[in-house]
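*Asks:* Below you'll find target-v3.cif; it's mmCIF, C-alpha atoms.
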data_data
loop_
_atom_site.label_atom_id
_atom_site.label_comp_id
_atom_site.auth_asym_id
_atom_site.auth_seq_id
_atom_site.Cartn_x
_atom_site.Cartn_y
_atom_site.Cartn_z
CA MET A 1 8.27 -26.21 44.29
CA ARG A 2 9.62 -23.14 42.62
CA ARG A 3 12.50 -23.14 45.06
CA VAL A 4 13.34 -26.75 44.22
CA LEU A 5 13.38 -25.91 40.55
CA LEU A 6 15.64 -22.94 41.20
CA ILE A 7 18.06 -25.06 43.20
CA LEU A 8 18.02 -27.70 40.49
CA ALA A 9 18.67 -25.12 37.81
CA ALA A 10 21.52 -23.68 39.85
CA ALA A 11 22.99 -27.15 40.35
CA ILE A 12 22.86 -27.81 36.62
CA ILE A 13 24.52 -24.49 35.90
CA VAL A 14 27.26 -25.17 38.46
CA ALA A 15 27.83 -28.70 37.11
CA GLY A 16 27.88 -27.37 33.57
CA ALA A 17 30.33 -24.64 34.49
CA ALA A 18 32.54 -27.17 36.29
CA PHE A 19 32.45 -29.45 33.26
CA TRP A 20 33.23 -26.52 30.99
CA PHE A 21 36.08 -25.42 33.21
CA LEU A 22 37.52 -28.93 33.62
CA THR A 23 37.33 -29.73 29.91
CA GLU A 24 38.77 -26.44 28.66
CA PRO A 25 41.55 -27.17 26.12
CA GLU A 26 44.84 -26.02 27.62
CA LEU A 27 47.28 -24.32 25.29
CA LEU A 28 51.01 -23.91 25.78
CA ASP A 29 52.20 -20.82 27.61
CA GLY A 30 53.27 -18.06 25.29
CA SER A 31 56.80 -18.48 26.65
CA ALA A 32 57.01 -22.21 25.96
CA LEU A 33 58.51 -21.71 22.52
CA SER A 34 60.58 -18.64 23.21
CA GLY A 35 64.33 -18.96 23.13
CA LEU A 36 64.28 -21.94 20.74
CA GLN A 37 66.50 -22.27 17.70
CA PRO A 38 64.84 -22.01 14.28
CA GLY A 39 63.45 -25.41 13.19
CA ASP A 40 66.19 -27.67 11.78
CA PRO A 41 64.76 -30.14 9.24
CA ALA A 42 67.83 -32.42 9.39
CA ARG A 43 67.35 -32.92 13.14
CA GLY A 44 63.61 -33.18 12.62
CA GLU A 45 63.96 -36.10 10.21
CA ARG A 46 65.28 -38.24 13.06
CA PHE A 47 62.11 -37.57 15.06
CA PHE A 48 59.98 -38.19 12.00
CA PHE A 49 61.26 -41.78 11.93
CA ALA A 50 61.41 -42.16 15.71
CA GLY A 51 57.77 -41.05 15.82
CA GLY A 52 56.63 -43.21 12.92
CA CYS A 53 54.41 -40.39 11.59
CA ALA A 54 54.23 -42.00 8.15
CA SER A 55 52.83 -45.27 9.47
CA CYS A 56 49.42 -43.66 9.99
CA HIS A 57 49.60 -40.48 7.94
CA THR A 58 50.39 -41.94 4.51
CA ALA A 59 47.53 -43.22 2.41
CA PRO A 60 47.11 -46.98 2.73
CA GLY A 61 47.70 -49.21 -0.27
CA GLU A 62 50.01 -48.83 -3.21
CA GLY A 63 51.20 -45.55 -4.56
CA ALA A 64 51.81 -43.11 -1.74
CA THR A 65 55.36 -43.03 -0.49
CA GLU A 66 56.23 -42.65 3.16
CA LEU A 67 56.81 -38.96 2.57
CA GLN A 68 53.35 -38.19 1.17
CA LEU A 69 51.44 -37.46 4.33
CA GLY A 70 47.95 -37.25 2.84
CA GLY A 71 46.43 -39.25 5.68
CA GLY A 72 43.72 -41.86 5.35
CA GLY A 73 45.13 -44.64 7.51
CA ALA A 74 42.33 -46.12 9.62
CA LEU A 75 42.53 -47.20 13.24
CA GLU A 76 39.56 -49.35 14.16
CA THR A 77 38.77 -49.31 17.86
CA GLU A 78 35.83 -50.09 20.11
CA PHE A 79 34.99 -46.37 20.11
CA GLY A 80 34.75 -46.19 16.33
CA THR A 81 37.11 -45.75 13.39
CA PHE A 82 39.70 -43.01 13.55
CA ILE A 83 41.15 -41.77 10.26
CA ALA A 84 44.57 -40.15 10.29
CA PRO A 85 44.30 -36.66 8.76
CA ASN A 86 46.41 -35.07 6.06
CA ILE A 87 49.52 -33.59 7.73
CA SER A 88 51.33 -32.76 4.51
CA PRO A 89 52.31 -29.10 3.97
CA ASP A 90 49.28 -28.49 1.74
CA PRO A 91 47.75 -25.24 3.08
CA GLU A 92 44.14 -26.22 2.28
CA ASN A 93 44.03 -29.90 3.22
CA GLY A 94 47.10 -30.35 5.37
CA ILE A 95 49.02 -28.29 7.90
CA GLY A 96 50.77 -25.91 5.51
CA ALA A 97 49.05 -22.88 7.00
CA TRP A 98 49.92 -23.80 10.60
CA SER A 99 52.27 -21.79 12.77
CA GLU A 100 54.95 -23.41 14.91
CA ALA A 101 52.74 -22.74 17.93
CA ASP A 102 49.82 -24.54 16.25
CA PHE A 103 52.01 -27.60 15.64
CA ALA A 104 53.47 -27.51 19.15
CA ASN A 105 49.99 -27.28 20.70
CA ALA A 106 48.89 -30.28 18.64
CA MET A 107 51.89 -32.38 19.63
CA LEU A 108 52.40 -31.28 23.22
CA ARG A 109 48.83 -30.44 24.29
CA GLY A 110 46.63 -32.43 21.91
CA VAL A 111 44.78 -29.26 20.92
CA SER A 112 43.99 -28.21 17.33
CA PRO A 113 44.51 -24.71 15.91
CA ASP A 114 40.72 -24.26 16.30
CA GLY A 115 41.12 -24.89 20.02
CA GLU A 116 39.50 -28.34 20.03
CA HIS A 117 40.79 -31.48 21.71
CA TYR A 118 42.25 -34.13 19.47
CA TYR A 119 41.31 -37.73 20.05
CA PRO A 120 44.15 -39.67 21.65
CA ALA A 121 44.30 -41.98 18.61
CA PHE A 122 46.84 -39.27 17.79
CA PRO A 123 49.32 -40.28 20.51
CA TYR A 124 49.94 -36.82 21.98
CA THR A 125 49.86 -38.46 25.40
CA SER A 126 53.36 -39.64 24.47
CA TYR A 127 54.42 -36.72 22.27
CA ALA A 128 53.68 -34.41 25.22
CA ARG A 129 56.96 -35.71 26.69
CA MET A 130 58.96 -34.33 23.77
CA GLU A 131 61.30 -31.37 24.00
CA PRO A 132 59.75 -28.30 22.32
CA GLN A 133 62.91 -27.88 20.23
CA ASP A 134 62.52 -31.41 18.83
CA VAL A 135 58.88 -30.68 17.97
CA ILE A 136 59.83 -27.50 16.14
CA ASP A 137 62.55 -29.38 14.23
CA LEU A 138 60.06 -32.09 13.27
CA PHE A 139 57.69 -29.40 12.00
CA ALA A 140 60.51 -27.96 9.89
CA PHE A 141 61.14 -31.41 8.38
CA ILE A 142 57.47 -32.02 7.58
CA LYS A 143 57.37 -28.63 5.85
CA THR A 144 60.01 -29.90 3.38
CA LEU A 145 57.78 -32.80 2.25
CA PRO A 146 55.51 -32.69 -0.81
CA PRO A 147 52.03 -31.22 -0.26
CA VAL A 148 49.14 -33.60 -0.88
CA ALA A 149 45.99 -31.83 -2.10
CA GLU A 150 43.48 -34.31 -0.79
CA ARG A 151 41.33 -34.28 2.30
CA ALA A 152 41.28 -37.45 4.42
CA PRO A 153 37.80 -38.68 5.43
CA ASP A 154 36.40 -37.86 8.88
CA HIS A 155 36.41 -40.23 11.84
CA THR A 156 33.30 -42.39 12.22
CA LEU A 157 32.63 -42.61 15.94
CA SER A 158 29.66 -43.57 18.03
CA PHE A 159 27.97 -41.27 20.59
CA PRO A 160 29.11 -40.00 23.11
CA PHE A 161 32.62 -40.17 21.69
CA THR A 162 31.55 -37.70 19.02
CA LEU A 163 31.70 -34.97 21.69
CA ARG A 164 35.29 -33.82 21.77
CA ARG A 165 34.87 -31.52 24.72
CA GLY A 166 34.64 -34.47 27.12
CA LEU A 167 38.20 -35.40 26.20
CA GLY A 168 39.29 -32.64 28.54
CA LEU A 169 38.35 -34.90 31.46
CA TRP A 170 40.07 -37.87 29.85
CA LYS A 171 43.24 -35.83 29.45
CA ARG A 172 43.15 -34.84 33.12
CA LEU A 173 43.09 -38.51 34.04
CA TYR A 174 45.55 -39.97 31.55
CA MET A 175 47.83 -37.32 30.12
CA HIS A 176 51.05 -37.13 32.11
CA PRO A 177 53.86 -35.27 30.35
CA GLU A 178 56.40 -36.21 33.03
CA PRO A 179 58.48 -39.40 32.50
CA VAL A 180 56.68 -42.67 33.27
CA ILE A 181 59.65 -44.50 34.73
CA ALA A 182 61.81 -42.85 37.37
CA LEU A 183 65.45 -43.73 36.69
CA ASP A 184 68.34 -43.87 39.13
CA ALA A 185 70.27 -40.65 39.44
CA ASN A 186 73.31 -42.51 38.10
CA ALA A 187 71.46 -43.99 35.08
CA SER A 188 73.61 -43.84 31.93
CA GLU A 189 73.07 -41.20 29.29
CA SER A 190 71.99 -43.98 26.95
CA VAL A 191 69.22 -45.19 29.27
CA VAL A 192 67.94 -41.63 29.72
CA ARG A 193 68.00 -41.11 25.95
CA GLY A 194 66.18 -44.44 25.53
CA ARG A 195 63.51 -43.36 27.99
CA TYR A 196 62.97 -40.18 26.01
CA LEU A 197 62.70 -42.06 22.70
CA VAL A 198 60.40 -44.81 24.02
CA GLU A 199 58.13 -42.71 26.25
CA GLY A 200 58.09 -39.64 24.00
CA PRO A 201 58.42 -39.62 20.22
CA GLY A 202 58.54 -43.43 19.81
CA HIS A 203 55.19 -43.71 21.68
CA CYS A 204 55.89 -47.43 22.22
CA GLY A 205 53.63 -47.51 25.28
CA GLU A 206 50.55 -46.62 23.21
CA CYS A 207 50.38 -50.19 21.88
CA HIS A 208 52.60 -52.08 24.31
CA THR A 209 50.77 -50.98 27.48
CA PRO A 210 47.32 -52.34 28.38
CA ARG A 211 44.39 -49.92 28.50
CA ASP A 212 41.38 -49.62 30.76
CA PHE A 213 37.74 -49.47 29.66
CA VAL A 214 37.86 -45.80 28.62
CA GLY A 215 41.05 -46.30 26.68
CA GLY A 216 43.44 -44.86 29.25
CA LEU A 217 46.86 -46.43 29.68
CA LYS A 218 47.41 -48.48 32.82
CA TYR A 219 50.67 -46.86 33.80
CA ASP A 220 51.29 -49.41 36.55
CA GLN A 221 51.60 -52.03 33.80
CA TRP A 222 53.85 -49.93 31.58
CA LEU A 223 54.95 -51.83 28.43
CA ALA A 224 53.46 -55.08 29.74
CA GLY A 225 51.62 -55.83 26.48
CA GLY A 226 48.00 -55.63 25.42
CA ASP A 227 45.46 -56.82 22.92
CA ALA A 228 46.18 -55.89 19.33
CA PHE A 229 44.12 -52.88 18.19
CA GLU A 230 43.24 -54.55 14.96
CA GLY A 231 42.50 -58.15 14.17
CA GLU A 232 43.42 -60.98 16.44
CA GLY A 233 46.50 -61.37 18.50
CA ARG A 234 48.54 -59.69 21.17
CA VAL A 235 51.02 -56.89 21.38
CA PRO A 236 53.87 -58.40 23.38
CA ASN A 237 55.07 -57.54 26.85
CA ILE A 238 58.41 -55.78 26.30
CA THR A 239 59.39 -55.41 29.95
CA PRO A 240 62.05 -57.79 31.31
CA GLY A 241 59.06 -59.85 32.56
CA GLY A 242 57.96 -60.65 29.00
CA GLY A 243 59.27 -62.78 26.18
CA ILE A 244 62.19 -60.46 25.51
CA GLY A 245 63.40 -60.79 29.10
CA SER A 246 65.98 -63.31 27.90
CA TRP A 247 67.23 -61.04 25.08
CA SER A 248 70.44 -59.09 25.48
CA GLU A 249 70.58 -55.37 24.72
CA GLY A 250 72.39 -56.33 21.53
CA ASP A 251 69.54 -58.69 20.59
CA ILE A 252 66.98 -55.90 21.03
CA ALA A 253 69.03 -53.42 19.00
CA TYR A 254 69.57 -56.03 16.25
CA TYR A 255 65.83 -56.78 16.15
CA LEU A 256 65.06 -53.08 15.71
CA GLU A 257 67.67 -52.86 12.96
CA SER A 258 67.04 -56.11 11.05
CA GLY A 259 63.57 -57.30 12.06
CA PHE A 260 64.92 -60.63 13.32
CA THR A 261 64.57 -62.04 16.83
CA PRO A 262 67.47 -63.96 18.40
CA ASP A 263 65.83 -67.16 17.07
CA PHE A 264 65.59 -65.56 13.63
CA ASP A 265 61.86 -65.43 13.73
CA SER A 266 60.84 -62.22 11.96
CA VAL A 267 58.96 -59.11 12.97
CA GLY A 268 55.29 -59.24 11.98
CA GLY A 269 51.98 -57.42 12.11
CA SER A 270 51.84 -53.71 12.84
CA MET A 271 55.40 -53.81 14.24
CA VAL A 272 56.72 -54.18 10.67
CA PRO A 273 56.43 -50.50 9.71
CA VAL A 274 57.66 -49.53 13.19
CA GLN A 275 60.78 -51.67 12.82
CA LYS A 276 61.44 -50.21 9.37
CA ASN A 277 61.37 -46.75 10.94
CA MET A 278 63.65 -47.85 13.78
CA ALA A 279 66.12 -49.15 11.17
CA ARG A 280 66.36 -45.58 9.87
CA LEU A 281 67.60 -44.21 13.21
CA PRO A 282 71.27 -43.94 14.12
CA ALA A 283 72.57 -47.10 15.84
CA GLU A 284 73.01 -45.18 19.10
CA ASP A 285 69.25 -44.56 19.27
CA ARG A 286 68.45 -48.27 18.89
CA GLU A 287 71.06 -49.06 21.55
CA ALA A 288 69.50 -46.44 23.84
CA ILE A 289 66.04 -47.97 23.39
CA ALA A 290 67.47 -51.40 24.20
CA ALA A 291 69.21 -50.08 27.31
CA TYR A 292 65.98 -48.47 28.54
CA LEU A 293 63.91 -51.62 27.92
CA LYS A 294 66.35 -53.49 30.13
CA ALA A 295 65.95 -50.82 32.84
CA VAL A 296 62.14 -50.71 33.10
CA PRO A 297 60.46 -52.71 35.89
CA ALA A 298 59.57 -56.28 34.97
CA VAL A 299 55.79 -56.72 34.82
CA GLU A 300 53.86 -59.93 34.39
CA GLU A 301 51.61 -59.88 31.38
CA GLN A 302 47.95 -59.16 32.17
CA GLY A 303 46.04 -57.57 29.34
CA ASN A 304 43.30 -55.08 28.57
CA GLU A 305 40.07 -54.61 30.47
CA GLN A 306 37.12 -55.26 28.25
CA MET B 1 66.16 -107.58 -1.89
CA LYS B 2 65.81 -104.92 -4.48
CA LYS B 3 62.06 -105.38 -4.34
CA VAL B 4 62.04 -105.00 -0.58
CA VAL B 5 64.01 -101.80 -0.78
CA LEU B 6 61.71 -100.47 -3.45
CA SER B 7 58.58 -101.25 -1.51
CA PHE B 8 60.14 -99.77 1.61
CA ALA B 9 60.86 -96.62 -0.35
CA ALA B 10 57.31 -96.64 -1.62
CA VAL B 11 55.98 -96.90 1.93
CA LEU B 12 58.23 -94.06 3.06
CA LEU B 13 57.11 -91.87 0.19
CA SER B 14 53.47 -92.64 0.74
CA THR B 15 53.80 -92.00 4.49
CA ALA B 16 55.42 -88.67 3.77
CA ALA B 17 52.71 -87.82 1.27
CA VAL B 18 49.94 -88.73 3.67
CA THR B 19 51.53 -86.65 6.43
CA ALA B 20 51.83 -83.63 4.20
CA ALA B 21 48.24 -83.88 3.02
CA ASP B 22 46.80 -84.57 6.47
CA ASP B 23 48.80 -82.11 8.43
CA PRO B 24 49.64 -79.06 6.33
CA ILE B 25 50.10 -76.99 9.51
CA SER B 26 53.03 -79.14 10.66
CA VAL B 27 54.59 -79.06 7.20
CA ARG B 28 54.41 -75.28 6.85
CA LYS B 29 55.75 -74.86 10.37
CA ALA B 30 58.70 -77.11 9.47
CA LEU B 31 59.34 -75.05 6.34
CA MET B 32 59.27 -71.87 8.43
CA GLN B 33 61.72 -73.40 10.90
CA ALA B 34 64.04 -74.25 8.01
CA ASN B 35 63.74 -70.64 6.83
CA ALA B 36 64.57 -69.37 10.32
CA ALA B 37 67.62 -71.64 10.48
CA ALA B 38 68.80 -70.41 7.08
CA ALA B 39 68.21 -66.81 8.20
CA ALA B 40 70.17 -67.47 11.39
CA VAL B 41 73.21 -68.70 9.43
CA SER B 42 72.88 -65.78 7.00
CA GLY B 43 72.57 -63.27 9.83
CA ALA B 44 75.51 -64.72 11.74
CA MET B 45 77.77 -64.38 8.70
CA MET B 46 76.55 -60.84 7.99
CA LYS B 47 77.10 -59.88 11.63
CA GLY B 48 80.59 -61.39 11.50
CA GLU B 49 79.81 -63.95 14.20
CA LEU B 50 80.45 -66.74 11.73
CA GLU B 51 83.22 -66.62 9.13
CA TYR B 52 81.89 -66.26 5.61
CA ASN B 53 81.78 -69.51 3.67
CA PRO B 54 80.35 -69.65 0.12
CA ALA B 55 79.12 -73.24 0.45
CA VAL B 56 77.20 -72.40 3.64
CA ALA B 57 75.85 -69.27 1.96
CA ARG B 58 74.68 -71.34 -1.00
CA ALA B 59 73.02 -73.86 1.31
CA ALA B 60 71.07 -71.06 3.00
CA ILE B 61 69.94 -69.65 -0.32
CA ALA B 62 69.00 -73.10 -1.66
CA ASN B 63 66.96 -73.64 1.49
CA PHE B 64 65.02 -70.39 0.90
CA ASN B 65 64.51 -71.33 -2.73
CA ALA B 66 63.11 -74.80 -1.97
CA SER B 67 60.92 -73.42 0.80
CA ALA B 68 59.60 -70.63 -1.42
CA MET B 69 58.53 -73.15 -4.06
CA ALA B 70 56.74 -75.38 -1.56
CA LEU B 71 55.32 -73.06 1.07
CA GLY B 72 52.26 -71.76 -0.75
CA ASP B 73 50.82 -75.27 -1.10
CA PHE B 74 50.45 -75.82 2.63
CA PHE B 75 47.70 -73.32 3.42
CA PRO B 76 44.69 -75.27 2.08
CA GLU B 77 41.10 -74.40 2.94
CA GLY B 78 40.37 -76.00 6.34
CA SER B 79 43.83 -75.41 7.79
CA GLN B 80 42.87 -72.00 9.25
CA THR B 81 42.97 -73.25 12.82
CA GLY B 82 44.58 -75.92 14.94
CA GLY B 83 48.11 -76.95 15.72
CA ASN B 84 48.89 -73.58 17.33
CA THR B 85 48.94 -72.01 13.91
CA THR B 86 49.64 -68.29 13.75
CA ALA B 87 48.54 -68.06 10.13
CA ALA B 88 46.29 -65.01 9.78
CA PRO B 89 42.72 -65.23 8.44
CA ALA B 90 43.83 -62.80 5.71
CA ILE B 91 45.47 -65.73 3.88
CA TRP B 92 42.05 -67.17 3.12
CA GLU B 93 40.13 -63.88 3.02
CA ASN B 94 42.48 -62.34 0.48
CA PRO B 95 44.05 -65.28 -1.37
CA GLU B 96 45.22 -63.17 -4.31
CA ALA B 97 47.34 -60.93 -2.12
CA PHE B 98 48.75 -63.98 -0.36
CA GLN B 99 49.63 -65.62 -3.68
CA GLN B 100 51.34 -62.40 -4.73
CA ALA B 101 53.42 -62.45 -1.55
CA VAL B 102 54.37 -66.09 -2.16
CA ALA B 103 55.25 -65.31 -5.78
CA LYS B 104 57.49 -62.45 -4.65
CA PHE B 105 59.31 -64.77 -2.25
CA GLN B 106 59.79 -67.25 -5.12
CA THR B 107 61.09 -64.61 -7.51
CA ASP B 108 63.54 -63.19 -4.97
CA ALA B 109 64.77 -66.63 -3.91
CA ALA B 110 65.22 -67.76 -7.52
CA ALA B 111 67.24 -64.62 -8.28
CA ALA B 112 69.46 -65.31 -5.26
CA MET B 113 69.89 -68.91 -6.41
CA GLN B 114 70.98 -67.64 -9.80
CA ALA B 115 73.40 -65.17 -8.22
CA ALA B 116 74.84 -67.87 -5.97
CA GLY B 117 75.91 -69.99 -8.94
CA ARG B 118 77.48 -73.38 -8.43
CA GLN B 119 80.13 -72.24 -5.96
CA GLY B 120 78.05 -69.89 -3.84
CA PRO B 121 78.48 -66.08 -3.73
CA ALA B 122 82.18 -65.20 -4.00
CA ASP B 123 82.33 -62.98 -0.94
CA LEU B 124 80.23 -61.59 1.90
CA ALA B 125 79.24 -58.49 -0.06
CA ALA B 126 77.94 -60.63 -2.94
CA PHE B 127 76.04 -62.84 -0.48
CA GLN B 128 74.54 -59.84 1.27
CA ALA B 129 73.39 -58.38 -2.04
CA ALA B 130 71.81 -61.70 -3.02
CA VAL B 131 70.15 -62.64 0.26
CA THR B 132 68.89 -59.28 1.59
CA PRO B 133 65.94 -59.10 -0.85
CA VAL B 134 65.02 -62.68 0.11
CA LEU B 135 65.10 -61.87 3.82
CA SER B 136 62.86 -58.83 3.32
CA ASN B 137 60.05 -61.26 2.47
CA CYS B 138 59.92 -62.50 6.07
CA SER B 139 58.58 -59.26 7.51
CA SER B 140 56.62 -58.10 4.47
CA CYS B 141 54.62 -61.34 4.45
CA HIS B 142 54.30 -61.55 8.24
CA GLU B 143 52.95 -58.00 8.34
CA ASP B 144 49.61 -59.06 6.89
CA PHE B 145 49.54 -62.83 6.97
CA ARG B 146 50.56 -63.79 10.47
CA VAL B 147 48.58 -63.14 13.63
CA GLN B 148 50.49 -60.94 16.06
CA ASN B 149 51.90 -62.79 19.00
#
Let me see whether you can do it: turn the structure in this file into structure tokens.

*Replies:*
Amino acid sequence: MRRVLLILAAAIIVAGAAFWFLTEPELLDGSALSGLQPGDPARGERFFFAGGCASCHTAPGEGATELQLGGGGALETEFGTFIAPNISPDPENGIGAWSEADFANAMLRGVSPDGEHYYPAFPYTSYARMEPQDVIDLFAFIKTLPPVAERAPDHTLSFPFTLRRGLGLWKRLYMHPEPVIALDANASESVVRGRYLVEGPGHCGECHTPRDFVGGLKYDQWLAGGDAFEGEGRVPNITPGGGIGSWSEGDIAYYLESGFTPDFDSVGGSMVPVQKNMARLPAEDREAIAAYLKAVPAVEEQGNEQ
Amino acid sequence: MKKVVLSFAAVLLSTAAVTAADDPISVRKALMQANAAAAAVSGAMMKGELEYNPAVARAAIANFNASAMALGDFFPEGSQTGGNTTAAPAIWENPEAFQQAVAKFQTDAAAAMQAAGRQGPADLAAFQAAVTPVLSNCSSCHEDFRVQN
């Protein structure tokens, strides 16, 4: 009997150690940021709009401008309600006291300065595909914005999602910093740029790709559409197999610039702030996104697993 | 003869009135289609695909103006579902915000109508200045008041 108990105890310790090992937050190598240029806020502004940071990190409702990143935007999901934190340069309530390495670990590894996993409501699964230089430039831009001295409320999640450590396993399954779509060796510069913008900073796949029951992206149905996070409705399939299959590259770029489809229906729902951000990018970026969306594999629309 | 014509007109009017009252979803969809057509002409001129013409520009603006005045009346209680509507529940859950959005569309369209004058905006730049605020209502209203599709 005593032996059984000992074996059981040992098994629990081994399982616990394995869990601890497998869920350990992984930080960037010390060398990851060496050799970079100092952060350039002008370059960073482009990634600020490509990434749509303001869409979640500005307070909802009237008043706050897109550059007051006090947080507070809520994302209601089946796991609970996630609240976007304050990422303004306020040292107490925001990220004003962060180092470049702190910011890079948040964006590229999904790990906080305290060494905890972030929830993937913060789409680091996409941002992990960004170039470290672009992340540092984005940080430099955010540092130029006005500090907001207000703390955003905490997430309200249900158990077991309150335990952040378990996200380490989730990351092992679903976080893939390499490109999603393999392109031909002779793919144009524009298509490659478009892949970077869509798969990385633009994080388009976070809404436009269906998810499985633990919230992981189904990469084999990349950009094939999914259920809307909030309210009723669908996020459309934006592969050539979806409704935009008949659009030209020019149509896609014009939609991102003006908010009008080729039939002059207008953008709606949560794509509205996204399109406004896309309109702020240089035309070549919108053209690159359009070129990439024409190059991804056509997928028939399927949907989320419930 | 005159009497016949008059009664015919009366029948037409009453048919139209009955249709509008019975089927607000079809009416608002038709108004939205008219808006889309006016936006298409506006967009084509601004993109340079269609040569600028002040009379066409004025027709587009007049279309937005008429639609803006009418549209808000075709979302009555009970028309939340049916007819493949993509109207969002928020219209009925938050009627004040919806009325504000309609009022903004009306204000912007009326201002464009004023700017267009009797001859239409003199040139493309004047048209663009007049119609851009009107067009911004499409996405701002569809952000909250249309179901994503």

*Asks:* Between atom CA of Trp98 of chain A and atom CA of Ser112 of chain A, measure the distance and give it in Å to one decimal.

*Replies:*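 Between atom CA of Trp98 of chain A and atom CA of Ser112 of chain A the gap is 10.0 Å.
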
*Asks:* Pick out the chain A residues within 6 Å of chain B. Count all atoms listed in the file. Give them as a PDB file with C-alpha atoms, keeping the file's coordinate frame.

*Replies:*
ATOM      1  CA  GLY A 233      46.500 -61.370  18.500  1.00  0.00           C
ATOM      2  CA  ARG A 234      48.540 -59.690  21.170  1.00  0.00           C
ATOM      3  CA  PHE A 264      65.590 -65.560  13.630  1.00  0.00           C
ATOM      4  CA  ASP A 265      61.860 -65.430  13.730  1.00  0.00           C
ATOM      5  CA  SER A 266      60.840 -62.220  11.960  1.00  0.00           C
ATOM      6  CA  VAL A 267      58.960 -59.110  12.970  1.00  0.00           C
ATOM      7  CA  GLY A 268      55.290 -59.240  11.980  1.00  0.00           C
ATOM      8  CA  GLY A 269      51.980 -57.420  12.110  1.00  0.00           C
ATOM      9  CA  VAL A 272      56.720 -54.180  10.670  1.00  0.00           C
TER      10      VAL A 272
END

*Asks:* Calculate, to one decimal in Å, the centre and edge lengths of the box along x, y and z of the file that holds all listed atoms of segment 266-278 of chain A with 8 Å of margin on each side, and present them as AutoDock Vina command-line options.

*Replies:*
--center_x 57.7 --center_y -54.5 --center_z 11.8 --size_x 27.8 --size_y 31.5 --size_z 20.9

*Asks:* For a test of reading the model, state the distance in Å between atom CA of Gly71 of chain A and atom CA of Ala32 of chain A, rounded to one decimal.

*Replies:* 28.5 Å

*Asks:* Could you tell me which of A:Val299, A:Ala74, A:Met107, A:Met271 comes closest to Thr209 of chain A if we count only C-alpha atoms?

*Replies:* A:Val299

*Asks:* Could you list, as a compact mmCIF listing (two decimals) with C-alpha atoms, keeping the file's coordinate frame, every residue within 7 Å of segment 124-133 of chain B, counting only C-alpha atoms and ignoring same-chain residues fewer than 2 positions away?

*Replies:*
# COMPACT_ATOMS: atom_id res chain seq x y z
CA TYR B 52 81.89 -66.26 5.61
CA ALA B 57 75.85 -69.27 1.96
CA ASP B 108 63.54 -63.19 -4.97
CA ALA B 112 69.46 -65.31 -5.26
CA ALA B 115 73.40 -65.17 -8.22
CA PRO B 121 78.48 -66.08 -3.73
CA ALA B 122 82.18 -65.20 -4.00
CA LEU B 135 65.10 -61.87 3.82
CA SER B 136 62.86 -58.83 3.32

*Asks:* If I take atom CA of Ala253 of chain A and atom CA of Asn277 of chain A, how far is one from the other in Å, to one decimal?

*Replies:*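 Atom CA of Ala253 of chain A sits 13.0 Å away from atom CA of Asn277 of chain A.
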
*Asks:* Run through the PyMOL selection byres ((chain A and resi 165) around 10) on the given coordinates and return the selected residues as JSON, numbers by chain.

*Replies:* {"A": [19, 20, 22, 23, 24, 25, 116, 117, 118, 161, 162, 163, 164, 166, 167, 168, 169, 170]}

*Asks:* If we count all atoms listed in the file, what is near Ser88 of chain A at a cut-off of 6 Å, once residues fewer than 4 positions away on the same chain are taken out, given as number ranges by chain?

*Replies:* A: 69-70, 94, 147-148

*Asks:* Calculated over all atoms listed in the file, which of the candidates B:Phe64, B:Gly82, B:Pro54, B:Phe105 has the smallest distance to Gly117 of chain B?

*Replies:* B:Pro54

*Asks:* Using all atoms listed in the file, determine which residues lie at most 10 Å from Arg118 of chain B, disregarding the query and same-chain residues fewer than 4 positions distant; provide the list as a ChimeraX atom specification.

*Replies:* /B:54-55,58,113-114

*Asks:* Write out as a ChimeraX atom specification the residues lying within 12 Å of Pro89 of chain A, counting all atoms listed in the file and excluding same-chain residues fewer than 5 positions away.

*Replies:* /A:67-71,94-99,103,139-150

*Asks:* Those residues with C-alpha atoms, as a tab-separated table (two decimals), keeping the file's coordinate frame please?

*Replies:*
chain	number	residue	atom	x	y	z
A	67	LEU	CA	56.81	-38.96	2.57
A	68	GLN	CA	53.35	-38.19	1.17
A	69	LEU	CA	51.44	-37.46	4.33
A	70	GLY	CA	47.95	-37.25	2.84
A	71	GLY	CA	46.43	-39.25	5.68
A	94	GLY	CA	47.10	-30.35	5.37
A	95	ILE	CA	49.02	-28.29	7.90
A	96	GLY	CA	50.77	-25.91	5.51
A	97	ALA	CA	49.05	-22.88	7.00
A	98	TRP	CA	49.92	-23.80	10.60
A	99	SER	CA	52.27	-21.79	12.77
A	103	PHE	CA	52.01	-27.60	15.64
A	139	PHE	CA	57.69	-29.40	12.00
A	140	ALA	CA	60.51	-27.96	9.89
A	141	PHE	CA	61.14	-31.41	8.38
A	142	ILE	CA	57.47	-32.02	7.58
A	143	LYS	CA	57.37	-28.63	5.85
A	144	THR	CA	60.01	-29.90	3.38
A	145	LEU	CA	57.78	-32.80	2.25
A	146	PRO	CA	55.51	-32.69	-0.81
A	147	PRO	CA	52.03	-31.22	-0.26
A	148	VAL	CA	49.14	-33.60	-0.88
A	149	ALA	CA	45.99	-31.83	-2.10
A	150	GLU	CA	43.48	-34.31	-0.79

*Asks:* Closest to Phe79 of chain A among A:Val191, A:Ala121, A:Ala283, A:Leu197, using all atoms listed in the file?

*Replies:*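 When distances to Phe79 of chain A are compared using all atoms listed in the file, the smallest one comes from A:Ala121.
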
*Asks:* Have a look at A:Pro236, A:Tyr219, A:Ala298, A:Glu26 and name the one nearest to Lys171 of chain A; count all atoms listed in the file.

*Replies:*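 Ranked by minimum distance to Lys171 of chain A, first place goes to A:Glu26.
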